[in-house]
Amino acid sequence: MDNFSLLMGGFGTALTPLHIALMIGGVLMGLVVGVLPGLGAPNGVSLLIPLTFSLDPTSAIILLSSMYWGALFGGSTTSILFNIPGEPSSVATTFDGYPMARRGQPTRALTLAFMSAGFGALLGVVVITLLAGWAARFALRFGAPEYFAVYFLAFAAFIGMGTGAPLKIVASLSAGLLLSTVGMDSVTGVVRLTYGFTDLLGGISFLVVVIGLFGLGEILATVQEGLRFRGVASRIRLGDVLATMAELPRYWATLLRSGVVGTWMGITPGGPTAASFMSYGVARQASGKSGPAFGTGRPEGIVAPEAADHSAGTCAMLPMLALGVPSSATAAVMMGGLMIWGLTPGPMLFATKPDFVWGLIASMYVSNVVAVILVLATVPLFAALLRIPFAIIGPIIVAICLVGAYTVSSAGFDLWLALVFGLVGYLLTRLDYPLAPLILAMVLGHKAENAFHQSMILSDGSLGIFFSNPLVASIMAIALALLILPRLGGLRRRRNPPEVVE
Amino acid sequence: MSYVTRIAAGSVAAALVAGTALAQTGWAPEKPVEFVVASGAGGGTDNFARTIQSVIATHKLMDQSVVVLNKGAGSGAEAFLYAKQNAGDPHKLIFGTNNAYLLPHVGKMAYSFQDLTPVASLALDEFLVWVKADAPWQTLPEMIEAAKAAPGTIPFGGSQSKDTDETLVALIEDTTGADFKYVPFNGGGEVGVQLAGGHVAGNVNNPNENIGQWQAGAIRPLCVFSPRRMAAGEPVFDGKGWGDIPTCAEQGVAIDSYQMPRTVWLPAGVPPEATAFYADLLKKVSETPEWADYVAKTSQSGVYMAGADLDKFVTESEGKAVAVFKAQGWTAN
Amino acid sequence: MRVGRLPAEMLAAALTGGLGLAGVLGSAELGASWTESGPEPGYFPFYVGLILIAAALGNGVMALRARGAQDEAWLEPEQSRRLLGFLVPLLAYVAGSVWLGLYVASAVYVAFNARFRGGYRGVVAVAIGAAFTVLLYVVFEMAFKVPLLKGPLEPLLGIH
């Protein structure tokens, strides 16, 4: 129980008045940047880095990481209330969170999201506490083929269980894959499919697409049905918050499963966004037939992506600290901070700076609890926003969407791009094209392609490399099973068609 | 890629001294200055720019405030394109490496080196050859012999394609006749872990990108591509420190210098007084203790270059790289 | 204007198919074959583009074959009027943002909607628009140091 005593020492470091004040401040600032789609945790954290030069490194990292947790929580709020994901990793939360809010249960949706997020984060910290050394060594075993297998697994888990017209899923998925290849390809150094537009050099930003497809697309749908918010009018009552908390233990299986998925994706590192999609897919698979369908406001559809997102976000700190590989943009900025403070991320950080590492880990327990409390306290505030007349709040949401699209890369071109994707999103949603495969393909497509290409260079073009050791072979086998088995089930059903066909 | 820190030279053409004098009396920024960073947040160039930002703020070296913008798309080309679009605007400083003058040679870029005005270079980042701790090779020539014996089989990791890392590997191949298998990854940190995990046999990371894994004894350096050994400093692992690493030239590989400058640029067409103002500002930055600290922590060499020094460095470094690009058939034009 | 489901389906198929075609043409230039060291840069986009074209054709054919069911209205006249009434200002907003910057355009857009959709008095509407823009400026420019797109008007006010 060596780690345990180190952790206790860490709590001694974390629980000073200064550090608790930093946590509260960090979480609050994180909530602000998380809620606005134009500001993300990376913005907030890079802004704070110069301020941290006067702090000691432990205080500085506590401030930065608290801001990160706050941003992760804040990102879910706008996903649920406005269908606008404040952070990339909260896209999957819109699938069931927004429908539930629209059905008049915004409090329930928000509370479910925050509580399961908190659970996921705590599970992630526990894993870090107990398995730090092992997980860091495990992550070292991941080369290019293993990376590809992990991305492929995330894809398979989500797509394998997809619903909707198969050809429309294919169209959505391949459109996403195609969009993800635009711009400079880092493996070959070739600029692809920009058709001479220098604005496309950096690729089509996933965030701009999400803001267009989900945010603007949803506003258009609202407008089409008359100028008012669809349904989200009920008040937020404290009783609802408590009742929802009491409801949470019912989803223990989903919570645990999603936490495990998130932990896995955080360590390997597939990242929080992929984790939330994968977890959503797995939850849909595991849910069976009873209850309302996924996508219509089913509680598990909120619990699964949130728990996975936060456990992955938490575990993503581990590869950053122990290996120096950031698995998210925010982690990359924090790592820059570490180096400026004179700390070297790497396997020895745990041995040479135990105060720092365990102070951080202990602060993760505390600041996530702080974050859950603070974010629940903001719920009435957001509910009040929903009572503003649409003629005012609608245009403001549009403006915030466009501001968000602009800030991604400070390019006016992205404003047009967001508008186009808004129109396309509206068209495709109303024709029952599923948009989630497109988004997932944009997140993972290029990474998967890179890993595939690197593997091919290593193996001189032989696909055998994906089955060349037990680790990669078993991930590939699980992925293929997830992809194929549900389809086989579908075939069997088709072979014995029900009585009434058309 | 990496941190570079030797200094840089400013580059306003010749009249540096006169320019500096002018700067003190003549030109000063009239509105907030944009620091446009040719890398994503958290990258080596980003830390370079943000360190300068914090030094300027701490010592109040400039009246106007500083806004940092990351434009890292296309290996940094996005930032230099931005300079082209803002020609003549002296309130936009571009932070990069040697990518500023090398990118147009390897890709069809919509900007050319003429779209930039050199200001200064503040540091030089070193390149080393690293192998896994249990690798059979003790020196670079041993590794090269192995590559000659089995051409195209020893995988060398690096960040990006046709960028500094691949150029160096190609340079080693051209110089010695060895044949490695180059595998591009997304960044130096990732390449370091791929080496520690044994997925590639070697890499050419900068000190800062691999120090964590060296401390842990997972990997070790073979030699450094520098004219002389690096500054001694503290021992890192097993009693060895940076100063104990032989140069590659010492080991008999005829590449005496391969270093990456940390550079600062202005758009083309700005008044010479503005260039002189920033060259002078950065000179002051390079003389602060905070800067020395940053350079030491990231194991770069703090060499300030501006004016003619910088021009000379750029011309030489460009010439060497372009020769490699030609030999590899990478040139775009 | 009433829009049927069939034209909408056709438009979606044409858009996705067009995207696929753009991908195929663009990547054919880059080389789309498989070499001894793996795929060429155009390999993935080329084949993904082909699949997308096939799926788009399939979706188009399905829409045609399901003619009967597709005759239903996709947009009622009332709905398309609302959409157009919203889209025209939105388009003007985006164009205005690129031209005058986000601050000015946002203020005008929000004020316009408050006045003509919300029916607020002119003064109130302008106040709402201005308040929103000031809030944007405070949060982005001042608190988080994230510069937004500015046009020719801000320098006149001494804002950079």
# chains A, B, ... in the order shown; residues from 1 in each chain; ligands from 1

$ residues_around --residues "Trp264 of chain A" --least-positions-apart "6" --cutoff "9 Å" --atoms "only C-alpha atoms" --output "JSON, numbers by chain"
{"A": [270, 275, 311, 312, 315]}

$ select_by_dssp --residues "segment 87-300 of chain B" --states "strand (DSSP E)" --output "ChimeraX atom specification"
/B:92-96,116-126,128-132,155-159,181-185,202-203,219-224,235-237,240-241,259-267

$ write_last_selection --atoms "C-alpha atoms" --output "compact mmCIF listing (two decimals), in the first residue's frame"
# COMPACT_ATOMS: atom_id res chain seq x y z
CA LYS B 92 2.29 40.68 -35.96
CA LEU B 93 5.35 38.70 -34.91
CA ILE B 94 5.63 35.17 -36.27
CA PHE B 95 7.36 32.50 -34.16
CA GLY B 96 8.79 29.48 -35.89
CA LEU B 116 8.83 37.21 -44.25
CA THR B 117 11.19 39.74 -42.70
CA PRO B 118 13.75 38.07 -40.43
CA VAL B 119 13.92 39.60 -36.95
CA ALA B 120 15.98 37.40 -34.68
CA SER B 121 16.78 33.89 -33.62
CA LEU B 122 17.06 33.31 -29.87
CA ALA B 123 18.20 29.75 -29.44
CA LEU B 124 19.48 26.67 -31.23
CA ASP B 125 18.07 23.28 -30.44
CA GLU B 126 20.38 20.29 -30.72
CA LEU B 128 20.95 13.71 -31.04
CA VAL B 129 20.74 10.13 -32.18
CA TRP B 130 18.95 8.05 -29.55
CA VAL B 131 18.57 4.31 -29.26
CA LYS B 132 16.84 2.02 -26.80
CA PRO B 155 13.10 1.72 -38.32
CA PHE B 156 13.95 5.32 -37.40
CA GLY B 157 11.13 7.36 -35.86
CA GLY B 158 10.74 11.09 -36.30
CA SER B 159 8.15 13.79 -36.18
CA LYS B 181 13.36 2.95 -42.68
CA TYR B 182 11.94 6.33 -41.65
CA VAL B 183 8.56 6.29 -39.87
CA PRO B 184 6.86 9.65 -39.30
CA PHE B 185 4.84 10.28 -36.12
CA GLY B 202 16.21 4.98 -33.11
CA ASN B 203 15.18 8.61 -33.26
CA ILE B 219 16.85 5.00 -23.89
CA ARG B 220 20.33 6.49 -24.32
CA PRO B 221 21.99 8.98 -26.66
CA LEU B 222 24.71 7.93 -29.11
CA CYS B 223 25.96 11.34 -30.26
CA VAL B 224 25.01 14.95 -30.86
CA PRO B 235 24.17 14.13 -14.57
CA VAL B 236 20.97 12.74 -16.07
CA PHE B 237 21.32 8.98 -15.83
CA LYS B 240 26.27 10.72 -17.48
CA GLY B 241 25.07 14.21 -18.40
CA GLN B 259 20.80 22.58 -35.33
CA MET B 260 17.35 24.08 -35.40
CA PRO B 261 16.99 27.79 -34.73
CA ARG B 262 14.08 29.27 -32.76
CA THR B 263 13.20 32.15 -35.01
CA VAL B 264 11.05 35.27 -34.96
CA TRP B 265 9.75 36.96 -38.10
CA LEU B 266 7.69 39.93 -39.25
CA PRO B 267 5.60 40.13 -42.41

$ closest_atom_pairs --of "chain B" --to "chain A" --cutoff "8 Å" --atoms "only C-alpha atoms" --output "tab-separated table"
residue	atom	partner	partner_atom	distance
B:Ala41	CA	A:Val333	CA	5.6
B:Gly42	CA	A:Val333	CA	4.1
B:Gly43	CA	A:Gly336	CA	7.0
B:Gly44	CA	A:Gly336	CA	7.8
B:Asn47	CA	A:Gly336	CA	6.2
B:Arg50	CA	A:Pro50	CA	7.5
B:Thr51	CA	A:Ile340	CA	7.8
B:Ser54	CA	A:Pro50	CA	5.8
B:Asn70	CA	A:Ser409	CA	7.6
B:Lys71	CA	A:Ser409	CA	6.9
B:Gly72	CA	A:Gly202	CA	7.7
B:Ala73	CA	A:Gly202	CA	4.2
B:Gly74	CA	A:Met184	CA	5.2
B:Ser75	CA	A:Met184	CA	7.9
B:Glu78	CA	A:Leu201	CA	7.3
B:Gly107	CA	A:Val190	CA	7.4
B:Ala110	CA	A:Thr198	CA	7.2
B:Pro155	CA	A:Leu458	CA	7.0
B:Gln160	CA	A:Ser186	CA	5.2
B:Ser161	CA	A:Gly189	CA	4.8
B:Lys162	CA	A:Gly189	CA	6.3
B:Lys181	CA	A:Leu458	CA	7.7
B:Val183	CA	A:Gln454	CA	6.2
B:Pro184	CA	A:Val187	CA	5.4
B:Phe185	CA	A:Val187	CA	6.8
B:Asn186	CA	A:Ser186	CA	6.8
B:Gly189	CA	A:Val325	CA	5.5
B:Glu190	CA	A:Val325	CA	5.8
B:Val193	CA	A:Leu140	CA	6.6
B:Gln194	CA	A:Gly143	CA	6.2
B:Ala196	CA	A:Leu140	CA	7.0
B:Gly197	CA	A:Leu140	CA	4.8
B:His199	CA	A:Gly143	CA	5.6
B:Ile211	CA	A:Thr344	CA	7.3
B:Gly212	CA	A:Gly346	CA	4.2
B:Gln213	CA	A:Gly346	CA	5.9
B:Gln215	CA	A:Met348	CA	6.4
B:Ala216	CA	A:Met348	CA	5.5
B:Tyr294	CA	A:Ile340	CA	6.8
B:Lys297	CA	A:Gly342	CA	6.0
B:Thr298	CA	A:Met339	CA	7.6

$ interface_residues --of "chain C" --to "chain B" --cutoff "12 Å" --atoms "only C-alpha atoms" --output "list in words"
Ser37, Gly38, Phe140, Glu141, Met142, Ala143, Phe144, Lys145, Val146, Pro147, Leu148, Pro155, Gly158, Ile159 and His160 of chain C

$ write_last_selection --atoms "C-alpha atoms" --output "PDB file, in the first residue's frame"
ATOM      1  CA  SER C  37       5.569   0.707 -48.381  1.00  0.00           C
ATOM      2  CA  GLY C  38       1.807   0.881 -48.074  1.00  0.00           C
ATOM      3  CA  PHE C 140     -13.263  36.977 -25.234  1.00  0.00           C
ATOM      4  CA  GLU C 141     -10.996  39.920 -25.772  1.00  0.00           C
ATOM      5  CA  MET C 142     -10.408  41.071 -22.209  1.00  0.00           C
ATOM      6  CA  ALA C 143     -10.895  38.081 -19.919  1.00  0.00           C
ATOM      7  CA  PHE C 144      -9.572  35.290 -22.109  1.00  0.00           C
ATOM      8  CA  LYS C 145      -7.411  37.244 -24.558  1.00  0.00           C
ATOM      9  CA  VAL C 146      -8.958  35.529 -27.560  1.00  0.00           C
ATOM     10  CA  PRO C 147      -9.178  38.079 -30.377  1.00  0.00           C
ATOM     11  CA  LEU C 148     -12.286  37.892 -32.547  1.00  0.00           C
ATOM     12  CA  PRO C 155     -10.074  51.078 -35.209  1.00  0.00           C
ATOM     13  CA  GLY C 158      -9.792  53.120 -30.949  1.00  0.00           C
ATOM     14  CA  ILE C 159     -10.286  49.381 -30.342  1.00  0.00           C
ATOM     15  CA  HIS C 160      -7.672  47.061 -31.763  1.00  0.00           C
TER      16      HIS C 160
END

$ residues_around --residues "segment 48-52 of chain C" --least-positions-apart "3" --cutoff "7 Å" --atoms "only C-alpha atoms" --output "short mmCIF file (atom, residue, chain, number, x, y, z; two decimals) with C-alpha atoms, in the first residue's frame"
data_model
loop_
_atom_site.label_atom_id
_atom_site.label_comp_id
_atom_site.auth_asym_id
_atom_site.auth_seq_id
_atom_site.Cartn_x
_atom_site.Cartn_y
_atom_site.Cartn_z
CA ALA A 171 -22.92 7.76 -46.62
CA SER A 174 -17.67 7.88 -45.52
CA ALA A 175 -18.44 11.60 -45.75
CA LEU A 178 -13.38 11.95 -46.47
CA THR C 16 -22.98 13.53 -50.65
CA GLY C 17 -22.27 12.16 -54.11
CA GLY C 20 -17.45 11.83 -52.97
CA LEU C 21 -16.67 12.91 -56.51
CA GLY C 23 -12.64 13.36 -53.08
CA VAL C 24 -12.09 10.89 -55.92
CA PHE C 44 -7.88 6.29 -48.65
CA PRO C 45 -9.75 9.34 -49.91
CA ALA C 55 -23.97 5.10 -51.26
CA ALA C 56 -25.30 8.38 -52.65
#

$ atom_distance --atom1 "atom CA of Phe277 of chain A" --atom2 "atom CA of Val261 of chain A"
10.1 Å

$ residues_around --residues "Gln114 of chain B" --least-positions-apart "5" --cutoff "10 Å" --atoms "only C-alpha atoms" --output "JSON, numbers by chain"
{"B": [84, 101, 267, 268, 269]}

$ write_last_selection --atoms "N, CA and C atoms" --output "short mmCIF file (atom, residue, chain, number, x, y, z; two decimals), in the first residue's frame"
data_model
loop_
_atom_site.label_atom_id
_atom_site.label_comp_id
_atom_site.auth_asym_id
_atom_site.auth_seq_id
_atom_site.Cartn_x
_atom_site.Cartn_y
_atom_site.Cartn_z
N LYS B 84 1.88 36.55 -44.82
CA LYS B 84 1.74 37.05 -46.18
C LYS B 84 0.45 37.86 -46.33
N TYR B 101 11.78 28.96 -43.59
CA TYR B 101 12.43 29.02 -44.90
C TYR B 101 12.54 27.67 -45.58
N PRO B 267 6.02 40.20 -41.01
CA PRO B 267 5.60 40.13 -42.41
C PRO B 267 6.54 40.98 -43.27
N ALA B 268 6.52 40.75 -44.58
CA ALA B 268 7.33 41.56 -45.48
C ALA B 268 6.77 42.98 -45.53
N GLY B 269 7.60 43.92 -45.89
CA GLY B 269 7.12 45.28 -46.12
C GLY B 269 6.90 46.12 -44.88
#

$ closest_residue --among "C:Glu9, C:Leu153, C:Val126, C:Gly96" --to "chain A" --atoms "only C-alpha atoms"
C:Glu9
